[in-house]
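Engineer: So here's my_file.txt (compact mmCIF, N, CA and C atoms).
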# COMPACT_ATOMS: atom_id res chain seq x y z
N MET C 1 -2.60 4.73 -0.88
CA MET C 1 -1.84 5.15 0.29
C MET C 1 -0.37 5.02 -0.06
N PHE C 2 0.44 5.91 0.47
CA PHE C 2 1.88 5.79 0.24
C PHE C 2 2.35 4.46 0.81
N TYR C 3 3.28 3.84 0.13
CA TYR C 3 3.79 2.54 0.59
C TYR C 3 4.42 2.66 1.96
N ILE C 4 4.97 3.83 2.26
CA ILE C 4 5.65 4.04 3.55
C ILE C 4 4.68 3.76 4.72
N ILE C 5 3.44 4.14 4.56
CA ILE C 5 2.45 3.92 5.62
C ILE C 5 2.27 2.42 5.85
N HIS C 6 2.18 1.66 4.78
CA HIS C 6 2.02 0.21 4.90
C HIS C 6 3.28 -0.44 5.49
N VAL C 7 4.43 0.08 5.13
CA VAL C 7 5.70 -0.43 5.68
C VAL C 7 5.73 -0.21 7.19
N LEU C 8 5.39 0.99 7.62
CA LEU C 8 5.39 1.28 9.06
C LEU C 8 4.39 0.41 9.80
N ALA C 9 3.22 0.20 9.21
CA ALA C 9 2.22 -0.67 9.85
C ALA C 9 2.74 -2.10 9.97
N GLY C 10 3.36 -2.61 8.90
CA GLY C 10 3.92 -3.96 8.95
C GLY C 10 5.01 -4.08 10.00
N ALA C 11 5.84 -3.06 10.11
CA ALA C 11 6.91 -3.07 11.11
C ALA C 11 6.33 -3.09 12.53
N ILE C 12 5.30 -2.31 12.75
CA ILE C 12 4.66 -2.28 14.08
C ILE C 12 4.06 -3.64 14.41
N ILE C 13 3.42 -4.25 13.44
CA ILE C 13 2.81 -5.57 13.65
C ILE C 13 3.87 -6.58 14.05
N ALA C 14 4.99 -6.59 13.34
CA ALA C 14 6.06 -7.54 13.67
C ALA C 14 6.67 -7.26 15.04
N LYS C 15 6.78 -5.99 15.38
CA LYS C 15 7.36 -5.64 16.68
C LYS C 15 6.49 -6.12 17.84
N PHE C 16 5.18 -5.96 17.72
CA PHE C 16 4.29 -6.28 18.83
C PHE C 16 3.64 -7.66 18.75
N PHE C 17 3.67 -8.28 17.59
CA PHE C 17 3.06 -9.60 17.41
C PHE C 17 4.02 -10.52 16.65
N PRO C 18 5.12 -10.94 17.29
CA PRO C 18 6.14 -11.72 16.60
C PRO C 18 5.75 -13.19 16.38
N ASN C 19 4.67 -13.39 15.68
CA ASN C 19 4.18 -14.72 15.36
C ASN C 19 3.83 -14.72 13.87
N LEU C 20 4.37 -15.67 13.12
CA LEU C 20 4.23 -15.70 11.67
C LEU C 20 2.76 -15.68 11.22
N PHE C 21 1.94 -16.53 11.80
CA PHE C 21 0.53 -16.59 11.42
C PHE C 21 -0.18 -15.27 11.73
N VAL C 22 0.05 -14.73 12.90
CA VAL C 22 -0.57 -13.47 13.30
C VAL C 22 -0.11 -12.34 12.39
N ILE C 23 1.18 -12.35 12.04
CA ILE C 23 1.72 -11.32 11.15
C ILE C 23 1.01 -11.34 9.79
N ILE C 24 0.81 -12.53 9.25
CA ILE C 24 0.16 -12.63 7.94
C ILE C 24 -1.25 -12.04 8.00
N ILE C 25 -2.01 -12.46 9.00
CA ILE C 25 -3.39 -11.98 9.13
C ILE C 25 -3.44 -10.47 9.38
N LEU C 26 -2.70 -10.01 10.37
CA LEU C 26 -2.76 -8.59 10.73
C LEU C 26 -2.17 -7.68 9.64
N SER C 27 -1.12 -8.13 8.97
CA SER C 27 -0.52 -7.30 7.92
C SER C 27 -1.46 -7.14 6.73
N LEU C 28 -2.12 -8.21 6.34
CA LEU C 28 -3.09 -8.10 5.24
C LEU C 28 -4.28 -7.25 5.66
N LEU C 29 -4.78 -7.50 6.85
CA LEU C 29 -5.91 -6.74 7.35
C LEU C 29 -5.56 -5.26 7.47
N SER C 30 -4.37 -4.97 7.98
CA SER C 30 -3.97 -3.57 8.16
C SER C 30 -3.90 -2.85 6.82
N HIS C 31 -3.47 -3.56 5.78
CA HIS C 31 -3.37 -2.92 4.47
C HIS C 31 -4.74 -2.38 4.04
N PHE C 32 -5.75 -3.22 4.14
CA PHE C 32 -7.07 -2.80 3.68
C PHE C 32 -7.70 -1.76 4.61
N LEU C 33 -7.45 -1.89 5.90
CA LEU C 33 -7.97 -0.88 6.84
C LEU C 33 -7.32 0.48 6.60
N ILE C 34 -6.02 0.46 6.35
CA ILE C 34 -5.31 1.72 6.07
C ILE C 34 -5.79 2.31 4.75
N ASP C 35 -6.06 1.46 3.77
CA ASP C 35 -6.53 1.97 2.48
C ASP C 35 -7.91 2.61 2.55
N ILE C 36 -8.63 2.37 3.62
CA ILE C 36 -9.93 3.03 3.80
C ILE C 36 -9.74 4.52 4.11
N ILE C 37 -8.59 4.86 4.69
CA ILE C 37 -8.29 6.27 4.98
C ILE C 37 -8.23 7.01 3.64
N PRO C 38 -8.95 8.11 3.49
CA PRO C 38 -8.98 8.81 2.20
C PRO C 38 -7.58 9.20 1.71
N HIS C 39 -7.33 8.87 0.44
CA HIS C 39 -6.06 9.20 -0.22
C HIS C 39 -6.24 9.10 -1.72
N LYS C 40 -5.25 9.53 -2.46
CA LYS C 40 -5.31 9.49 -3.92
C LYS C 40 -4.35 8.40 -4.40
N ASP C 41 -4.82 7.53 -5.27
CA ASP C 41 -3.97 6.48 -5.83
C ASP C 41 -3.46 7.00 -7.16
N SER C 42 -2.15 7.13 -7.29
CA SER C 42 -1.57 7.82 -8.44
C SER C 42 -1.81 7.14 -9.78
N LEU C 43 -1.96 5.83 -9.82
CA LEU C 43 -2.14 5.14 -11.10
C LEU C 43 -3.60 4.90 -11.46
N PHE C 44 -4.49 5.13 -10.52
CA PHE C 44 -5.88 4.79 -10.77
C PHE C 44 -6.75 6.04 -10.83
N ASP C 45 -7.45 6.20 -11.93
CA ASP C 45 -8.55 7.14 -11.98
C ASP C 45 -9.76 6.28 -11.68
N LYS C 46 -10.27 6.36 -10.48
CA LYS C 46 -11.29 5.43 -10.02
C LYS C 46 -12.55 5.42 -10.89
N ARG C 47 -12.94 6.59 -11.39
CA ARG C 47 -14.13 6.63 -12.25
C ARG C 47 -13.90 5.83 -13.53
N VAL C 48 -12.76 6.02 -14.17
CA VAL C 48 -12.44 5.29 -15.40
C VAL C 48 -12.28 3.81 -15.10
N PHE C 49 -11.59 3.49 -14.00
CA PHE C 49 -11.33 2.10 -13.67
C PHE C 49 -12.63 1.34 -13.38
N LYS C 50 -13.53 1.94 -12.64
CA LYS C 50 -14.79 1.26 -12.30
C LYS C 50 -15.66 1.04 -13.53
N LYS C 51 -15.60 1.96 -14.49
CA LYS C 51 -16.42 1.82 -15.70
C LYS C 51 -15.81 0.87 -16.73
N SER C 52 -14.50 0.99 -16.93
CA SER C 52 -13.88 0.25 -18.03
C SER C 52 -12.80 -0.73 -17.60
N TYR C 53 -12.48 -0.77 -16.30
CA TYR C 53 -11.43 -1.65 -15.78
C TYR C 53 -10.08 -1.36 -16.44
N LYS C 54 -9.84 -0.09 -16.74
CA LYS C 54 -8.57 0.31 -17.35
C LYS C 54 -7.83 1.23 -16.39
N ILE C 55 -6.51 1.10 -16.43
CA ILE C 55 -5.66 1.96 -15.61
C ILE C 55 -5.02 2.99 -16.53
N LYS C 56 -5.12 4.23 -16.14
CA LYS C 56 -4.53 5.32 -16.92
C LYS C 56 -3.10 5.54 -16.41
N ILE C 57 -2.13 5.14 -17.21
CA ILE C 57 -0.73 5.27 -16.80
C ILE C 57 -0.11 6.44 -17.57
N THR C 58 0.30 7.45 -16.82
CA THR C 58 0.95 8.62 -17.43
C THR C 58 2.40 8.66 -16.99
N ASP C 59 3.20 9.44 -17.67
CA ASP C 59 4.60 9.59 -17.29
C ASP C 59 4.72 10.14 -15.87
N LYS C 60 3.85 11.08 -15.53
CA LYS C 60 3.85 11.68 -14.19
C LYS C 60 3.55 10.62 -13.13
N ALA C 61 2.57 9.76 -13.40
CA ALA C 61 2.20 8.70 -12.45
C ALA C 61 3.34 7.71 -12.28
N VAL C 62 4.00 7.35 -13.37
CA VAL C 62 5.13 6.42 -13.30
C VAL C 62 6.27 7.03 -12.50
N LEU C 63 6.57 8.29 -12.75
CA LEU C 63 7.63 8.98 -12.00
C LEU C 63 7.28 9.01 -10.51
N PHE C 64 6.03 9.30 -10.19
CA PHE C 64 5.60 9.34 -8.79
C PHE C 64 5.74 7.96 -8.15
N GLU C 65 5.37 6.90 -8.87
CA GLU C 65 5.51 5.54 -8.35
C GLU C 65 6.98 5.19 -8.11
N ILE C 66 7.85 5.61 -9.00
CA ILE C 66 9.29 5.34 -8.84
C ILE C 66 9.82 6.06 -7.60
N ILE C 67 9.44 7.30 -7.43
CA ILE C 67 9.89 8.06 -6.25
C ILE C 67 9.37 7.42 -4.97
N LYS C 68 8.08 7.06 -4.95
CA LYS C 68 7.50 6.40 -3.77
C LYS C 68 8.23 5.09 -3.48
N SER C 69 8.54 4.34 -4.52
CA SER C 69 9.20 3.05 -4.35
C SER C 69 10.62 3.20 -3.81
N ILE C 70 11.35 4.19 -4.30
CA ILE C 70 12.72 4.44 -3.81
C ILE C 70 12.69 4.85 -2.34
N LEU C 71 11.80 5.77 -1.99
CA LEU C 71 11.69 6.20 -0.59
C LEU C 71 11.28 5.04 0.31
N THR C 72 10.39 4.20 -0.19
CA THR C 72 9.95 3.03 0.58
C THR C 72 11.11 2.07 0.79
N LEU C 73 11.87 1.82 -0.25
CA LEU C 73 13.03 0.93 -0.15
C LEU C 73 14.05 1.46 0.86
N LEU C 74 14.28 2.76 0.84
CA LEU C 74 15.20 3.36 1.81
C LEU C 74 14.69 3.19 3.24
N LEU C 75 13.39 3.35 3.43
CA LEU C 75 12.82 3.14 4.77
C LEU C 75 12.98 1.68 5.20
N ILE C 76 12.72 0.75 4.30
CA ILE C 76 12.86 -0.67 4.63
C ILE C 76 14.30 -0.99 5.01
N ILE C 77 15.25 -0.45 4.28
CA ILE C 77 16.67 -0.66 4.60
C ILE C 77 16.97 -0.09 5.98
N TYR C 78 16.50 1.11 6.26
CA TYR C 78 16.72 1.71 7.58
C TYR C 78 16.13 0.84 8.69
N LEU C 79 14.89 0.39 8.49
CA LEU C 79 14.25 -0.43 9.52
C LEU C 79 15.00 -1.74 9.73
N GLN C 80 15.51 -2.32 8.67
CA GLN C 80 16.27 -3.57 8.82
C GLN C 80 17.58 -3.32 9.56
N ILE C 81 18.25 -2.23 9.26
CA ILE C 81 19.49 -1.89 9.97
C ILE C 81 19.19 -1.64 11.45
N HIS C 82 18.09 -0.93 11.73
CA HIS C 82 17.76 -0.57 13.11
C HIS C 82 17.26 -1.77 13.93
N PHE C 83 16.34 -2.57 13.35
CA PHE C 83 15.72 -3.65 14.11
C PHE C 83 16.34 -5.02 13.86
N LYS C 84 17.05 -5.18 12.74
CA LYS C 84 17.69 -6.46 12.40
C LYS C 84 16.72 -7.64 12.58
N SER C 85 15.57 -7.54 11.92
CA SER C 85 14.52 -8.54 12.10
C SER C 85 14.00 -9.05 10.76
N LEU C 86 14.25 -10.31 10.48
CA LEU C 86 13.70 -10.91 9.27
C LEU C 86 12.18 -11.03 9.36
N LEU C 87 11.68 -11.23 10.56
CA LEU C 87 10.25 -11.28 10.77
C LEU C 87 9.60 -9.94 10.40
N MET C 88 10.28 -8.86 10.72
CA MET C 88 9.77 -7.54 10.38
C MET C 88 9.78 -7.35 8.86
N LEU C 89 10.85 -7.81 8.21
CA LEU C 89 10.89 -7.72 6.75
C LEU C 89 9.72 -8.50 6.13
N PHE C 90 9.44 -9.65 6.69
CA PHE C 90 8.33 -10.46 6.20
C PHE C 90 7.00 -9.73 6.40
N ALA C 91 6.81 -9.15 7.56
CA ALA C 91 5.57 -8.41 7.85
C ALA C 91 5.42 -7.22 6.90
N ILE C 92 6.51 -6.56 6.62
CA ILE C 92 6.48 -5.42 5.68
C ILE C 92 6.07 -5.92 4.29
N PHE C 93 6.67 -7.02 3.86
CA PHE C 93 6.32 -7.59 2.56
C PHE C 93 4.83 -7.93 2.49
N VAL C 94 4.33 -8.59 3.51
CA VAL C 94 2.91 -8.98 3.52
C VAL C 94 2.02 -7.74 3.54
N SER C 95 2.43 -6.71 4.26
CA SER C 95 1.62 -5.49 4.31
C SER C 95 1.60 -4.76 2.96
N LEU C 96 2.61 -4.97 2.14
CA LEU C 96 2.66 -4.37 0.81
C LEU C 96 2.05 -5.27 -0.27
N LEU C 97 1.87 -6.53 0.05
CA LEU C 97 1.43 -7.53 -0.93
C LEU C 97 0.15 -7.14 -1.68
N PRO C 98 -0.88 -6.62 -1.02
CA PRO C 98 -2.07 -6.25 -1.78
C PRO C 98 -1.81 -5.22 -2.89
N ASP C 99 -0.81 -4.35 -2.71
CA ASP C 99 -0.46 -3.41 -3.77
C ASP C 99 0.47 -4.07 -4.79
N ILE C 100 1.34 -4.94 -4.34
CA ILE C 100 2.24 -5.64 -5.26
C ILE C 100 1.43 -6.49 -6.24
N VAL C 101 0.39 -7.13 -5.74
CA VAL C 101 -0.46 -7.99 -6.57
C VAL C 101 -1.09 -7.20 -7.72
N LYS C 102 -1.33 -5.90 -7.52
CA LYS C 102 -1.96 -5.09 -8.55
C LYS C 102 -1.13 -5.01 -9.83
N ILE C 103 0.16 -5.34 -9.74
CA ILE C 103 1.01 -5.37 -10.93
C ILE C 103 0.46 -6.38 -11.94
N GLY C 104 -0.25 -7.39 -11.44
CA GLY C 104 -0.85 -8.39 -12.31
C GLY C 104 -1.77 -7.80 -13.36
N HIS C 105 -2.25 -6.59 -13.13
CA HIS C 105 -3.12 -5.92 -14.11
C HIS C 105 -2.37 -5.64 -15.41
N LEU C 106 -1.05 -5.58 -15.33
CA LEU C 106 -0.25 -5.32 -16.52
C LEU C 106 0.04 -6.60 -17.31
N THR C 107 -0.46 -7.73 -16.82
CA THR C 107 -0.26 -9.03 -17.47
C THR C 107 -1.62 -9.61 -17.89
N ASN C 108 -1.62 -10.83 -18.38
CA ASN C 108 -2.87 -11.50 -18.73
C ASN C 108 -3.74 -11.82 -17.52
N LEU C 109 -3.17 -11.70 -16.33
CA LEU C 109 -3.93 -11.93 -15.11
C LEU C 109 -5.13 -10.99 -15.03
N ARG C 110 -5.03 -9.83 -15.67
CA ARG C 110 -6.12 -8.85 -15.64
C ARG C 110 -7.43 -9.42 -16.18
N ASN C 111 -7.36 -10.50 -16.95
CA ASN C 111 -8.57 -11.11 -17.52
C ASN C 111 -9.20 -12.15 -16.60
N ASN C 112 -8.52 -12.49 -15.53
CA ASN C 112 -9.02 -13.49 -14.58
C ASN C 112 -10.16 -12.88 -13.76
N LYS C 113 -11.29 -13.59 -13.66
CA LYS C 113 -12.47 -13.07 -12.96
C LYS C 113 -12.19 -12.77 -11.49
N LEU C 114 -11.47 -13.67 -10.81
CA LEU C 114 -11.16 -13.46 -9.40
C LEU C 114 -10.25 -12.24 -9.23
N PHE C 115 -9.29 -12.10 -10.12
CA PHE C 115 -8.38 -10.95 -10.07
C PHE C 115 -9.17 -9.65 -10.30
N LYS C 116 -10.09 -9.65 -11.25
CA LYS C 116 -10.92 -8.47 -11.51
C LYS C 116 -11.71 -8.09 -10.27
N LYS C 117 -12.30 -9.09 -9.62
CA LYS C 117 -13.07 -8.82 -8.40
C LYS C 117 -12.17 -8.21 -7.31
N TYR C 118 -10.96 -8.75 -7.19
CA TYR C 118 -10.02 -8.21 -6.20
C TYR C 118 -9.70 -6.76 -6.52
N MET C 119 -9.37 -6.49 -7.77
CA MET C 119 -9.00 -5.13 -8.17
C MET C 119 -10.16 -4.15 -7.93
N LEU C 120 -11.36 -4.57 -8.25
CA LEU C 120 -12.51 -3.70 -8.02
C LEU C 120 -12.76 -3.48 -6.53
N PHE C 121 -12.61 -4.56 -5.73
CA PHE C 121 -12.74 -4.42 -4.27
C PHE C 121 -11.71 -3.44 -3.74
N HIS C 122 -10.45 -3.61 -4.14
CA HIS C 122 -9.37 -2.75 -3.65
C HIS C 122 -9.61 -1.30 -4.06
N SER C 123 -10.15 -1.12 -5.24
CA SER C 123 -10.45 0.23 -5.71
C SER C 123 -11.63 0.84 -4.95
N ARG C 124 -12.64 0.04 -4.66
CA ARG C 124 -13.85 0.55 -3.99
C ARG C 124 -13.60 1.00 -2.56
N ILE C 125 -12.70 0.36 -1.86
CA ILE C 125 -12.50 0.73 -0.45
C ILE C 125 -11.73 2.03 -0.30
N GLN C 126 -11.11 2.48 -1.38
CA GLN C 126 -10.31 3.70 -1.32
C GLN C 126 -11.15 4.91 -1.69
N LYS C 127 -10.97 5.98 -0.96
CA LYS C 127 -11.69 7.22 -1.20
C LYS C 127 -10.70 8.29 -1.64
N ASP C 128 -10.98 8.92 -2.78
CA ASP C 128 -10.09 9.96 -3.30
C ASP C 128 -10.24 11.27 -2.56
N VAL C 129 -9.11 11.95 -2.40
CA VAL C 129 -9.08 13.31 -1.87
C VAL C 129 -8.07 14.09 -2.70
N SER C 130 -7.99 15.37 -2.46
CA SER C 130 -7.01 16.20 -3.18
C SER C 130 -5.60 15.84 -2.71
N TRP C 131 -4.63 16.20 -3.53
CA TRP C 131 -3.23 15.90 -3.17
C TRP C 131 -2.83 16.58 -1.87
N LYS C 132 -3.26 17.82 -1.67
CA LYS C 132 -2.90 18.54 -0.44
C LYS C 132 -3.44 17.84 0.80
N LEU C 133 -4.71 17.45 0.74
CA LEU C 133 -5.31 16.76 1.87
C LEU C 133 -4.66 15.39 2.07
N GLU C 134 -4.35 14.73 0.96
CA GLU C 134 -3.69 13.42 1.06
C GLU C 134 -2.36 13.54 1.80
N ILE C 135 -1.56 14.50 1.43
CA ILE C 135 -0.25 14.68 2.07
C ILE C 135 -0.43 14.94 3.57
N LEU C 136 -1.39 15.79 3.92
CA LEU C 136 -1.64 16.09 5.33
C LEU C 136 -2.09 14.84 6.08
N ILE C 137 -3.03 14.11 5.54
CA ILE C 137 -3.53 12.90 6.19
C ILE C 137 -2.41 11.89 6.37
N GLN C 138 -1.64 11.66 5.31
CA GLN C 138 -0.59 10.65 5.39
C GLN C 138 0.55 11.08 6.30
N LEU C 139 0.82 12.36 6.36
CA LEU C 139 1.84 12.86 7.29
C LEU C 139 1.40 12.61 8.73
N ILE C 140 0.15 12.87 9.04
CA ILE C 140 -0.38 12.63 10.39
C ILE C 140 -0.32 11.13 10.72
N VAL C 141 -0.77 10.29 9.79
CA VAL C 141 -0.75 8.84 10.00
C VAL C 141 0.70 8.35 10.18
N ALA C 142 1.61 8.86 9.35
CA ALA C 142 3.01 8.44 9.45
C ALA C 142 3.61 8.82 10.80
N ILE C 143 3.33 10.02 11.27
CA ILE C 143 3.86 10.46 12.57
C ILE C 143 3.33 9.56 13.69
N ILE C 144 2.06 9.24 13.64
CA ILE C 144 1.47 8.35 14.66
C ILE C 144 2.15 6.99 14.62
N LEU C 145 2.31 6.43 13.42
CA LEU C 145 2.93 5.09 13.29
C LEU C 145 4.40 5.11 13.73
N ILE C 146 5.11 6.16 13.40
CA ILE C 146 6.53 6.29 13.82
C ILE C 146 6.62 6.36 15.33
N LYS C 147 5.72 7.12 15.96
CA LYS C 147 5.72 7.21 17.44
C LYS C 147 5.45 5.83 18.06
N ILE C 148 4.55 5.08 17.48
CA ILE C 148 4.24 3.75 18.01
C ILE C 148 5.43 2.82 17.81
N LEU C 149 6.07 2.89 16.65
CA LEU C 149 7.18 1.98 16.32
C LEU C 149 8.42 2.27 17.16
N PHE C 150 8.70 3.54 17.41
CA PHE C 150 9.91 3.88 18.16
C PHE C 150 9.57 4.35 19.55
Show the structure stored in the file as structure tokens.

Structural biologist:
Amino acid sequence: MFYIIHVLAGAIIAKFFPNLFVIIILSLLSHFLIDIIPHKDSLFDKRVFKKSYKIKITDKAVLFEIIKSILTLLLIIYLQIHFKSLLMLFAIFVSLLPDIVKIGHLTNLRNNKLFKKYMLFHSRIQKDVSWKLEILIQLIVAIILIKILF
């Protein structure tokens, strides 16, 4: 899922549930629930990953991740300027944490049994779709989340 969707979900959680404990639980839960919505993960070829636990990193995928990250950072800056809420920043961070943790695959953490189970779980809950359908789905989800947030 685009990081922007997780950022918007985290912001909504902080806006309506301004409690640190509740934010942690709901932000983590929202990440996995949102990831159930069909989408394409740019760094993961799910068939290859499930068979060999390897991530296929291409120049195109890296460029796409950089673009997504820059757009996400710009959204986070905008939300902080608009809402001026450290609690919201925290909720956004927690909502992104399940994807941030995946960076561990690029380190020796990838050999840890618990980490492998997490990566496989995170991969299994996601359903691939075409890029066109992904953009449409995420645009609809983003519009709904923006309407709720503002």

Engineer: From the options C:Leu28, C:Ile4, C:Leu20, C:Ile144, which residue's atoms come nearest to Met88 of chain C, counting only C-alpha atoms?

Structural biologist: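 Closest to Met88 of chain C of all the choices is C:Leu20.
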
Engineer: I'd like the interatomic distance between atom CA of Pro98 of chain C and atom CA of Tyr118 of chain C, to a tenth of an Å.

Structural biologist: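 For atom CA of Pro98 of chain C relative to atom CA of Tyr118 of chain C, the distance reads 9.3 Å.
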
Engineer: Between C:Ile23, C:Leu63, C:Ile55, C:Leu86, which residue has the minimum interatomic distance to His105 of chain C, considering only N, CA and C atoms?

Structural biologist: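 Of C:Ile23, C:Leu63, C:Ile55, C:Leu86, the one nearest His105 of chain C, counting only N, CA and C atoms, is C:Ile55.
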
Engineer: Quick one, how far is atom C of Met119 of chain C from atom N of Leu75 of chain C?

Structural biologist: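 Atom-to-atom, atom C of Met119 of chain C to atom N of Leu75 of chain C, that is 27.2 Å.
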
Engineer: Could you please determine the separation between atom C of Tyr53 of chain C and atom CA of Asp35 of chain C in Å, to one decimal place?

Structural biologist: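 Separating atom C of Tyr53 of chain C from atom CA of Asp35 of chain C is a distance of 19.5 Å.
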
Engineer: Give me the residues within 7 Å of segment 131-136 of chain C as a list in words, counting only C-alpha atoms and dropping any in the same chain fewer than 2 places off.

Structural biologist: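 Final neighbour list, sorted by chain and number: His39, Lys40, Val129, Gln138, Leu139 and Ile140 of chain C.
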
Engineer: Within 8 Å of Gly10 of chain C, counting all atoms listed in the file, which residues show up once you throw out same-chain ones fewer than 3 positions away? Write them as a PyMOL selection string, please.

Structural biologist: chain C and resi 4-7+13-16+23+26-28+30-31+87-96

Engineer: Give me segment 54-76 of chain C from this structure - N, CA and C atoms, as a JSON list (two decimals), in the first residue's frame.

Structural biologist:
[["chain", "number", "residue", "atom", "x", "y", "z"],
["C", 54, "LYS", "N", 13.43, -14.16, -0.81],
["C", 54, "LYS", "CA", 14.31, -13.15, -1.40],
["C", 54, "LYS", "C", 13.47, -12.00, -1.94],
["C", 55, "ILE", "N", 14.04, -10.82, -1.84],
["C", 55, "ILE", "CA", 13.39, -9.62, -2.36],
["C", 55, "ILE", "C", 14.11, -9.23, -3.65],
["C", 56, "LYS", "N", 13.34, -9.03, -4.69],
["C", 56, "LYS", "CA", 13.90, -8.62, -5.97],
["C", 56, "LYS", "C", 13.93, -7.09, -6.01],
["C", 57, "ILE", "N", 15.12, -6.53, -5.91],
["C", 57, "ILE", "CA", 15.26, -5.07, -5.90],
["C", 57, "ILE", "C", 15.79, -4.63, -7.26],
["C", 58, "THR", "N", 14.98, -3.86, -7.96],
["C", 58, "THR", "CA", 15.38, -3.33, -9.26],
["C", 58, "THR", "C", 15.54, -1.82, -9.16],
["C", 59, "ASP", "N", 16.19, -1.23, -10.13],
["C", 59, "ASP", "CA", 16.35, 0.23, -10.15],
["C", 59, "ASP", "C", 14.98, 0.91, -10.19],
["C", 60, "LYS", "N", 14.06, 0.35, -10.95],
["C", 60, "LYS", "CA", 12.71, 0.90, -11.06],
["C", 60, "LYS", "C", 12.00, 0.87, -9.70],
["C", 61, "ALA", "N", 12.14, -0.24, -8.98],
["C", 61, "ALA", "CA", 11.50, -0.38, -7.67],
["C", 61, "ALA", "C", 12.10, 0.62, -6.68],
["C", 62, "VAL", "N", 13.41, 0.79, -6.71],
["C", 62, "VAL", "CA", 14.07, 1.74, -5.81],
["C", 62, "VAL", "C", 13.61, 3.16, -6.12],
["C", 63, "LEU", "N", 13.56, 3.51, -7.40],
["C", 63, "LEU", "CA", 13.08, 4.84, -7.78],
["C", 63, "LEU", "C", 11.64, 5.06, -7.31],
["C", 64, "PHE", "N", 10.80, 4.05, -7.47],
["C", 64, "PHE", "CA", 9.41, 4.16, -7.03],
["C", 64, "PHE", "C", 9.33, 4.35, -5.52],
["C", 65, "GLU", "N", 10.15, 3.61, -4.77],
["C", 65, "GLU", "CA", 10.18, 3.76, -3.31],
["C", 65, "GLU", "C", 10.64, 5.16, -2.90],
["C", 66, "ILE", "N", 11.62, 5.70, -3.61],
["C", 66, "ILE", "CA", 12.11, 7.06, -3.31],
["C", 66, "ILE", "C", 11.00, 8.08, -3.56],
["C", 67, "ILE", "N", 10.32, 7.95, -4.67],
["C", 67, "ILE", "CA", 9.23, 8.88, -4.99],
["C", 67, "ILE", "C", 8.12, 8.78, -3.95],
["C", 68, "LYS", "N", 7.72, 7.54, -3.60],
["C", 68, "LYS", "CA", 6.68, 7.35, -2.58],
["C", 68, "LYS", "C", 7.12, 7.96, -1.25],
["C", 69, "SER", "N", 8.37, 7.78, -0.90],
["C", 69, "SER", "CA", 8.89, 8.29, 0.38],
["C", 69, "SER", "C", 8.90, 9.82, 0.41],
["C", 70, "ILE", "N", 9.30, 10.44, -0.69],
["C", 70, "ILE", "CA", 9.32, 11.92, -0.76],
["C", 70, "ILE", "C", 7.90, 12.47, -0.65],
["C", 71, "LEU", "N", 6.97, 11.89, -1.40],
["C", 71, "LEU", "CA", 5.57, 12.34, -1.33],
["C", 71, "LEU", "C", 5.00, 12.14, 0.07],
["C", 72, "THR", "N", 5.35, 11.03, 0.70],
["C", 72, "THR", "CA", 4.89, 10.75, 2.06],
["C", 72, "THR", "C", 5.45, 11.78, 3.03],
["C", 73, "LEU", "N", 6.72, 12.08, 2.91],
["C", 73, "LEU", "CA", 7.35, 13.07, 3.78],
["C", 73, "LEU", "C", 6.69, 14.44, 3.61],
["C", 74, "LEU", "N", 6.39, 14.81, 2.39],
["C", 74, "LEU", "CA", 5.71, 16.09, 2.15],
["C", 74, "LEU", "C", 4.33, 16.11, 2.80],
["C", 75, "LEU", "N", 3.61, 14.99, 2.71],
["C", 75, "LEU", "CA", 2.30, 14.92, 3.37],
["C", 75, "LEU", "C", 2.44, 15.03, 4.88],
["C", 76, "ILE", "N", 3.42, 14.36, 5.45],
["C", 76, "ILE", "CA", 3.63, 14.43, 6.90],
["C", 76, "ILE", "C", 3.94, 15.86, 7.33]]
